[in-house]
file final.cif (mmCIF, C-alpha atoms)
data_coords
#
loop_
_atom_site.group_PDB
_atom_site.id
_atom_site.type_symbol
_atom_site.label_atom_id
_atom_site.label_comp_id
_atom_site.auth_asym_id
_atom_site.auth_seq_id
_atom_site.Cartn_x
_atom_site.Cartn_y
_atom_site.Cartn_z
ATOM 1 C CA MET A 1 51.743 -18.312 -36.554
ATOM 2 C CA LYS A 2 48.365 -19.018 -38.160
ATOM 3 C CA LYS A 3 47.535 -21.447 -35.368
ATOM 4 C CA LEU A 4 48.384 -18.820 -32.723
ATOM 5 C CA PHE A 5 46.223 -16.242 -34.486
ATOM 6 C CA ALA A 6 43.326 -18.712 -34.767
ATOM 7 C CA LEU A 7 43.699 -19.632 -31.076
ATOM 8 C CA LEU A 8 43.699 -15.960 -30.024
ATOM 9 C CA PHE A 9 40.655 -15.308 -32.216
ATOM 10 C CA LEU A 10 38.724 -18.217 -30.668
ATOM 11 C CA CYS A 11 39.691 -17.130 -27.146
ATOM 12 C CA SER A 12 38.484 -13.595 -27.907
ATOM 13 C CA ILE A 13 35.143 -14.884 -29.152
ATOM 14 C CA CYS A 14 34.725 -17.042 -26.038
ATOM 15 C CA PHE A 15 35.680 -14.152 -23.763
ATOM 16 C CA LEU A 16 33.233 -11.741 -25.385
ATOM 17 C CA SER A 17 30.375 -14.237 -25.324
ATOM 18 C CA CYS A 18 30.873 -14.838 -21.591
ATOM 19 C CA GLY A 19 29.961 -11.247 -20.706
ATOM 20 C CA GLU A 20 27.225 -10.522 -18.180
ATOM 21 C CA LYS A 21 23.808 -11.246 -19.515
ATOM 22 C CA GLU A 22 20.846 -9.185 -18.347
ATOM 23 C CA VAL A 23 18.657 -11.341 -16.142
ATOM 24 C CA PRO A 24 14.981 -10.931 -17.039
ATOM 25 C CA LYS A 25 12.877 -9.324 -14.320
ATOM 26 C CA THR A 26 10.279 -11.386 -12.502
ATOM 27 C CA PRO A 27 6.577 -10.483 -12.794
ATOM 28 C CA GLU A 28 6.731 -9.136 -9.232
ATOM 29 C CA GLU A 29 9.748 -6.933 -10.027
ATOM 30 C CA LEU A 30 7.961 -5.558 -13.088
ATOM 31 C CA ALA A 31 4.799 -4.836 -11.082
ATOM 32 C CA LEU A 32 6.862 -3.223 -8.328
ATOM 33 C CA GLU A 33 8.631 -0.977 -10.824
ATOM 34 C CA LYS A 34 5.319 -0.068 -12.485
ATOM 35 C CA LEU A 35 3.701 0.861 -9.178
ATOM 36 C CA SER A 36 6.562 2.571 -7.337
ATOM 37 C CA GLY A 37 9.149 3.420 -9.986
ATOM 38 C CA GLU A 38 12.873 2.923 -9.425
ATOM 39 C CA VAL A 39 12.703 4.146 -5.810
ATOM 40 C CA ALA A 40 9.344 5.739 -5.004
ATOM 41 C CA ILE A 41 6.419 7.581 -6.591
ATOM 42 C CA THR A 42 4.193 10.127 -4.882
ATOM 43 C CA TYR A 43 0.640 10.162 -6.202
ATOM 44 C CA THR A 44 -1.665 13.155 -5.659
ATOM 45 C CA LEU A 45 -5.155 14.184 -6.714
ATOM 46 C CA GLY A 46 -3.735 16.795 -9.073
ATOM 47 C CA THR A 47 -6.291 18.417 -11.371
ATOM 48 C CA THR A 48 -7.900 15.236 -12.698
ATOM 49 C CA GLY A 49 -7.969 13.026 -9.600
ATOM 50 C CA TYR A 50 -10.967 12.104 -7.503
ATOM 51 C CA VAL A 51 -12.179 10.137 -4.508
ATOM 52 C CA LYS A 52 -15.524 8.404 -4.975
ATOM 53 C CA ARG A 53 -17.414 6.386 -2.382
ATOM 54 C CA ASN A 54 -20.388 4.391 -3.651
ATOM 55 C CA GLN A 55 -19.997 6.313 -6.947
ATOM 56 C CA VAL A 56 -20.503 9.662 -5.160
ATOM 57 C CA ASP A 57 -17.704 12.219 -5.561
ATOM 58 C CA GLU A 58 -16.179 12.936 -2.142
ATOM 59 C CA THR A 59 -12.991 14.611 -3.397
ATOM 60 C CA LYS A 60 -13.803 17.780 -1.446
ATOM 61 C CA PHE A 61 -13.168 15.883 1.803
ATOM 62 C CA TYR A 62 -9.626 14.973 0.675
ATOM 63 C CA PRO A 63 -8.215 18.170 -0.931
ATOM 64 C CA ASN A 64 -4.548 17.490 -0.082
ATOM 65 C CA PHE A 65 -4.582 13.717 -0.433
ATOM 66 C CA SER A 66 -1.263 12.154 -1.421
ATOM 67 C CA LEU A 67 0.078 8.608 -1.376
ATOM 68 C CA LYS A 68 3.775 7.782 -1.617
ATOM 69 C CA LEU A 69 4.703 4.193 -2.466
ATOM 70 C CA GLN A 70 8.286 3.091 -1.937
ATOM 71 C CA GLY A 71 9.248 -0.056 -3.796
ATOM 72 C CA SER A 72 12.494 -1.134 -2.185
ATOM 73 C CA THR A 73 11.017 -1.209 1.319
ATOM 74 C CA LYS A 74 7.383 -1.731 0.287
ATOM 75 C CA SER A 75 6.392 1.101 2.585
ATOM 76 C CA TYR A 76 3.877 3.900 2.147
ATOM 77 C CA THR A 77 3.044 7.317 3.533
ATOM 78 C CA VAL A 78 -0.289 9.095 3.211
ATOM 79 C CA SER A 79 -1.357 12.637 3.938
ATOM 80 C CA GLY A 80 -4.719 14.336 3.676
ATOM 81 C CA ALA A 81 -6.823 11.222 4.294
ATOM 82 C CA ASP A 82 -6.414 10.558 8.016
ATOM 83 C CA ASP A 83 -9.899 9.107 8.430
ATOM 84 C CA LEU A 84 -9.398 6.487 5.708
ATOM 85 C CA PHE A 85 -5.654 5.676 5.641
ATOM 86 C CA ASP A 86 -2.937 5.302 8.262
ATOM 87 C CA ALA A 87 -0.210 7.958 7.960
ATOM 88 C CA SER A 88 2.383 5.306 7.130
ATOM 89 C CA GLY A 89 3.026 1.606 7.064
ATOM 90 C CA ASN A 90 3.981 -1.216 4.764
ATOM 91 C CA TRP A 91 2.264 -2.754 1.774
ATOM 92 C CA GLU A 92 2.375 -6.061 -0.049
ATOM 93 C CA PHE A 93 1.087 -7.587 -3.237
ATOM 94 C CA VAL A 94 -1.940 -9.869 -2.899
ATOM 95 C CA GLY A 95 -1.876 -13.041 -4.979
ATOM 96 C CA THR A 96 0.293 -13.905 -7.942
ATOM 97 C CA ASN A 97 -1.221 -11.535 -10.520
ATOM 98 C CA PHE A 98 0.357 -8.523 -8.783
ATOM 99 C CA ASP A 99 -2.705 -6.362 -9.522
ATOM 100 C CA LYS A 100 -3.760 -5.925 -5.883
ATOM 101 C CA ILE A 101 -2.040 -4.555 -2.819
ATOM 102 C CA ARG A 102 -2.822 -4.620 0.888
ATOM 103 C CA LEU A 103 -1.753 -1.931 3.365
ATOM 104 C CA THR A 104 -0.822 -2.518 6.983
ATOM 105 C CA GLY A 105 -2.471 -0.419 9.672
ATOM 106 C CA SER A 106 -5.694 -0.023 11.561
ATOM 107 C CA LYS A 107 -7.644 2.543 9.506
ATOM 108 C CA PRO A 108 -10.526 1.476 7.221
ATOM 109 C CA ALA A 109 -8.363 1.133 4.066
ATOM 110 C CA ALA A 110 -5.893 -1.145 5.851
ATOM 111 C CA GLN A 111 -6.055 -4.924 5.666
ATOM 112 C CA VAL A 112 -8.364 -4.892 2.619
ATOM 113 C CA ASP A 113 -7.472 -5.927 -0.923
ATOM 114 C CA ILE A 114 -6.953 -2.840 -3.072
ATOM 115 C CA SER A 115 -7.093 -3.411 -6.828
ATOM 116 C CA TYR A 116 -5.032 -0.988 -8.843
ATOM 117 C CA THR A 117 -4.760 0.054 -12.452
ATOM 118 C CA LYS A 118 -1.851 2.106 -13.738
ATOM 119 C CA ASN A 119 -2.338 4.096 -16.961
ATOM 120 C CA GLY A 120 0.645 6.286 -17.729
ATOM 121 C CA THR A 121 1.094 8.389 -14.592
ATOM 122 C CA ASP A 122 -2.475 7.799 -13.357
ATOM 123 C CA LEU A 123 -3.143 5.292 -10.602
ATOM 124 C CA ILE A 124 -6.678 4.102 -9.902
ATOM 125 C CA LEU A 125 -7.340 2.309 -6.619
ATOM 126 C CA VAL A 126 -10.542 0.310 -6.080
ATOM 127 C CA PHE A 127 -11.488 -1.246 -2.745
ATOM 128 C CA SER A 128 -14.352 -1.760 -0.331
ATOM 129 C CA VAL A 129 -14.480 -0.845 3.322
ATOM 130 C CA PRO A 130 -16.690 -3.330 5.151
ATOM 131 C CA THR A 131 -19.010 -2.340 7.980
ATOM 132 C CA PRO A 132 -16.917 -2.687 11.131
ATOM 133 C CA PRO A 133 -18.076 -4.796 14.077
ATOM 134 C CA GLY A 134 -20.485 -2.857 16.250
ATOM 135 C CA GLY A 135 -21.071 -0.306 13.460
ATOM 136 C CA ARG A 136 -18.107 1.887 14.455
ATOM 137 C CA VAL A 137 -16.966 4.322 11.734
ATOM 138 C CA ALA A 138 -19.829 3.179 9.497
ATOM 139 C CA ALA A 139 -19.680 6.588 7.775
ATOM 140 C CA LEU A 140 -16.631 5.330 5.835
ATOM 141 C CA THR A 141 -18.195 2.016 4.802
ATOM 142 C CA GLY A 142 -18.596 1.525 1.079
ATOM 143 C CA SER A 143 -16.945 0.970 -2.281
ATOM 144 C CA TYR A 144 -14.132 3.362 -3.130
ATOM 145 C CA GLU A 145 -12.538 4.423 -6.377
ATOM 146 C CA ILE A 146 -9.613 6.816 -6.089
ATOM 147 C CA LYS A 147 -7.775 8.307 -9.055
ATOM 148 C CA LEU A 148 -4.360 9.813 -8.401
ATOM 149 C CA THR A 149 -1.570 11.141 -10.604
ATOM 150 C CA GLY A 150 2.085 10.282 -10.092
ATOM 151 C CA GLY A 151 4.799 12.876 -10.053
#

call {"tool": "encode", "arguments": {"input": "final.cif", "output": "structure tokens"}}
result
Amino acid sequence: MKKLFALLFLCSICFLSCGEKEVPKTPEELALEKLSGEVAITYTLGTTGYVKRNQVDETKFYPNFSLKLQGSTKSYTVSGADDLFDASGNWEFVGTNFDKIRLTGSKPAAQVDISYTKNGTDLILVFSVPTPPGGRVAALTGSYEIKLTGG
């Protein structure tokens, strides 16, 4: 009887120790979660946000600016910044540090490396729009810093 009890005890220990272990998240999964939450995060100017070009505040030109980043599909939607961003598209991380993203599209903010910093609910985007060939849309050329708040 003691042997049966000991055998059952050992089997129980083995069974309990074989439970599912939580697999650690990869650096990309952590960055994705930080940037877009579980599903998606919509960032807006809110009361503390701004849009600066060449260190000059241009927030007044983007009063209803919002950026929604979806993690599972790596897609985005933008409103209130039609001259700078495409209305929607996809995004990807640039490099292996996962501190830069690149948006698809044809507007000035597309196809450039965008550095981001996330502090609490605030998202700060930093990027440069190069002078386009032939000088088209040169009015948007410059270094941008955009501060948005997630909801």

call {"tool": "residues_around", "arguments": {"input": "final.cif", "residues": "Thr48 of chain A", "least_positions_apart": "5", "cutoff": "10 Å", "atoms": "all atoms listed in the file", "output": "number ranges by chain"}}
result
A: 122, 147-149

call {"tool": "residues_around", "arguments": {"input": "final.cif", "residues": "Val112 of chain A", "least_positions_apart": "4", "cutoff": "12 Å", "atoms": "only C-alpha atoms", "output": "list of chain:residue names"}}
result
A:Leu84, A:Phe85, A:Trp91, A:Glu92, A:Phe93, A:Val94, A:Lys100, A:Ile101, A:Arg102, A:Leu103, A:Thr104, A:Gly105, A:Ser106, A:Lys107, A:Pro108, A:Leu125, A:Val126, A:Phe127, A:Ser128, A:Val129, A:Pro130, A:Ser143, A:Tyr144

call {"tool": "residues_around", "arguments": {"input": "final.cif", "residues": "Val39 of chain A", "least_positions_apart": "6", "cutoff": "7 Å", "atoms": "only C-alpha atoms", "output": "compact mmCIF listing (two decimals) with C-alpha atoms, in the coordinates of the input"}}
result
# COMPACT_ATOMS: atom_id res chain seq x y z
CA GLN A 70 8.29 3.09 -1.94
CA GLY A 71 9.25 -0.06 -3.80
CA SER A 72 12.49 -1.13 -2.18

call {"tool": "residues_near_point", "arguments": {"input": "final.cif", "point": "(4.0, 0.2, 5.2)", "cutoff": "6 Å", "atoms": "all atoms listed in the file", "output": "PDB file with C-alpha atoms, in the coordinates of the input"}}
result
ATOM      1  CA  SER A  75       6.392   1.101   2.585  1.00  0.00           C
ATOM      2  CA  TYR A  76       3.877   3.900   2.147  1.00  0.00           C
ATOM      3  CA  SER A  88       2.383   5.306   7.130  1.00  0.00           C
ATOM      4  CA  GLY A  89       3.026   1.606   7.064  1.00  0.00           C
ATOM      5  CA  ASN A  90       3.981  -1.216   4.764  1.00  0.00           C
ATOM      6  CA  TRP A  91       2.264  -2.754   1.774  1.00  0.00           C
ATOM      7  CA  THR A 104      -0.822  -2.518   6.983  1.00  0.00           C
TER       8      THR A 104
END

call {"tool": "resolve_selection", "arguments": {"input": "final.cif", "expression": "the PyMOL selection byres ((chain A and resi 116) around 7)", "output": "PDB file with C-alpha atoms, keeping the file's coordinate frame"}}
result
ATOM      1  CA  ASP A  99      -2.705  -6.362  -9.522  1.00  0.00           C
ATOM      2  CA  LYS A 100      -3.760  -5.925  -5.883  1.00  0.00           C
ATOM      3  CA  ILE A 114      -6.953  -2.840  -3.072  1.00  0.00           C
ATOM      4  CA  SER A 115      -7.093  -3.411  -6.828  1.00  0.00           C
ATOM      5  CA  THR A 117      -4.760   0.054 -12.452  1.00  0.00           C
ATOM      6  CA  LYS A 118      -1.851   2.106 -13.738  1.00  0.00           C
ATOM      7  CA  LEU A 123      -3.143   5.292 -10.602  1.00  0.00           C
ATOM      8  CA  ILE A 124      -6.678   4.102  -9.902  1.00  0.00           C
ATOM      9  CA  LEU A 125      -7.340   2.309  -6.619  1.00  0.00           C
ATOM     10  CA  VAL A 126     -10.542   0.310  -6.080  1.00  0.00           C
TER      11      VAL A 126
END

call {"tool": "atom_distance", "arguments": {"input": "final.cif", "atom1": "atom CA of Val78 of chain A", "atom2": "atom CA of Pro27 of chain A"}}
result
26.2 Å

call {"tool": "residues_around", "arguments": {"input": "final.cif", "residues": "Gln55 of chain A", "least_positions_apart": "3", "cutoff": "10 Å", "atoms": "all atoms listed in the file", "output": "ChimeraX atom specification"}}
result
/A:51-52,58,142-145

call {"tool": "atom_distance", "arguments": {"input": "final.cif", "atom1": "atom CA of Gly37 of chain A", "atom2": "atom CA of Leu69 of chain A"}}
result
8.8 Å

call {"tool": "residues_around", "arguments": {"input": "final.cif", "residues": "Lys34 of chain A", "least_positions_apart": "4", "cutoff": "10 Å", "atoms": "only C-alpha atoms", "output": "PDB file with C-alpha atoms, keeping the file's coordinate frame"}}
result
ATOM      1  CA  GLU A  28       6.731  -9.136  -9.232  1.00  0.00           C
ATOM      2  CA  GLU A  29       9.748  -6.933 -10.027  1.00  0.00           C
ATOM      3  CA  LEU A  30       7.961  -5.558 -13.088  1.00  0.00           C
ATOM      4  CA  GLU A  38      12.873   2.923  -9.425  1.00  0.00           C
ATOM      5  CA  ILE A  41       6.419   7.581  -6.591  1.00  0.00           C
ATOM      6  CA  GLY A  71       9.248  -0.056  -3.796  1.00  0.00           C
ATOM      7  CA  LYS A 118      -1.851   2.106 -13.738  1.00  0.00           C
ATOM      8  CA  ASN A 119      -2.338   4.096 -16.961  1.00  0.00           C
ATOM      9  CA  GLY A 120       0.645   6.286 -17.729  1.00  0.00           C
ATOM     10  CA  THR A 121       1.094   8.389 -14.592  1.00  0.00           C
TER      11      THR A 121
END

call {"tool": "resolve_selection", "arguments": {"input": "final.cif", "expression": "the PyMOL selection byres ((chain A and resi 81) around 9)", "output": "PyMOL selection string"}}
result
chain A and resi 61-66+78-80+82-87

call {"tool": "atom_distance", "arguments": {"input": "final.cif", "atom1": "atom CA of Thr59 of chain A", "atom2": "atom CA of Ala139 of chain A"}}
result
15.3 Å

call {"tool": "closest_residue", "arguments": {"input": "final.cif", "among": "A:Lys60, A:Glu22, A:Thr77, A:Thr96", "to": "Leu45 of chain A", "atoms": "all atoms listed in the file"}}
result
A:Lys60

call {"tool": "closest_residue", "arguments": {"input": "final.cif", "among": "A:Thr73, A:Asn54, A:Ser36, A:Thr26", "to": "Thr141 of chain A", "atoms": "all atoms listed in the file"}}
result
A:Asn54

call {"tool": "closest_residue", "arguments": {"input": "final.cif", "among": "A:Leu140, A:Ala110, A:Leu32, A:Val56", "to": "Lys74 of chain A", "atoms": "all atoms listed in the file"}}
result
A:Leu32

call {"tool": "build_atoms", "arguments": {"input": "final.cif", "residues": "segment 94-115 of chain A", "atoms": "N, CA and C atoms", "output": "compact mmCIF listing (two decimals), in the frame of the given file"}}
result
# COMPACT_ATOMS: atom_id res chain seq x y z
N VAL A 94 -1.00 -8.81 -3.26
CA VAL A 94 -1.94 -9.87 -2.90
C VAL A 94 -2.04 -10.80 -4.10
N GLY A 95 -1.77 -12.07 -3.90
CA GLY A 95 -1.88 -13.04 -4.98
C GLY A 95 -0.69 -13.02 -5.91
N THR A 96 -0.82 -13.77 -7.00
CA THR A 96 0.29 -13.90 -7.94
C THR A 96 0.10 -13.10 -9.22
N ASN A 97 -1.00 -12.39 -9.35
CA ASN A 97 -1.22 -11.54 -10.52
C ASN A 97 -0.61 -10.15 -10.34
N PHE A 98 -0.28 -9.80 -9.11
CA PHE A 98 0.36 -8.52 -8.78
C PHE A 98 -0.48 -7.33 -9.26
N ASP A 99 -1.81 -7.45 -9.16
CA ASP A 99 -2.70 -6.36 -9.52
C ASP A 99 -3.50 -5.86 -8.31
N LYS A 100 -3.12 -6.35 -7.13
CA LYS A 100 -3.76 -5.92 -5.88
C LYS A 100 -2.68 -5.75 -4.82
N ILE A 101 -2.93 -4.77 -3.95
CA ILE A 101 -2.04 -4.56 -2.82
C ILE A 101 -2.86 -4.55 -1.54
N ARG A 102 -2.19 -4.70 -0.42
CA ARG A 102 -2.82 -4.62 0.89
C ARG A 102 -1.91 -3.79 1.78
N LEU A 103 -2.50 -2.81 2.47
CA LEU A 103 -1.75 -1.93 3.36
C LEU A 103 -1.84 -2.43 4.80
N THR A 104 -0.76 -2.23 5.55
CA THR A 104 -0.82 -2.52 6.98
C THR A 104 -1.46 -1.32 7.68
N GLY A 105 -1.90 -1.51 8.89
CA GLY A 105 -2.47 -0.42 9.67
C GLY A 105 -3.79 -0.79 10.29
N SER A 106 -4.43 0.22 10.86
CA SER A 106 -5.69 -0.02 11.56
C SER A 106 -6.85 0.82 11.02
N LYS A 107 -6.59 1.70 10.08
CA LYS A 107 -7.64 2.54 9.51
C LYS A 107 -8.48 1.72 8.52
N PRO A 108 -9.62 2.25 8.08
CA PRO A 108 -10.53 1.48 7.22
C PRO A 108 -9.91 0.92 5.93
N ALA A 109 -8.95 1.62 5.32
CA ALA A 109 -8.36 1.13 4.07
C ALA A 109 -7.26 0.11 4.29
N ALA A 110 -6.92 -0.15 5.54
CA ALA A 110 -5.89 -1.14 5.85
C ALA A 110 -6.49 -2.54 5.89
N GLN A 111 -5.68 -3.51 5.58
CA GLN A 111 -6.06 -4.92 5.67
C GLN A 111 -7.18 -5.32 4.71
N VAL A 112 -7.41 -4.52 3.66
CA VAL A 112 -8.36 -4.89 2.62
C VAL A 112 -7.61 -4.98 1.30
N ASP A 113 -8.10 -5.81 0.39
CA ASP A 113 -7.47 -5.93 -0.92
C ASP A 113 -7.81 -4.69 -1.74
N ILE A 114 -6.79 -4.04 -2.26
CA ILE A 114 -6.95 -2.84 -3.07
C ILE A 114 -6.50 -3.17 -4.49
N SER A 115 -7.44 -3.20 -5.42
CA SER A 115 -7.09 -3.41 -6.83
C SER A 115 -6.55 -2.10 -7.37
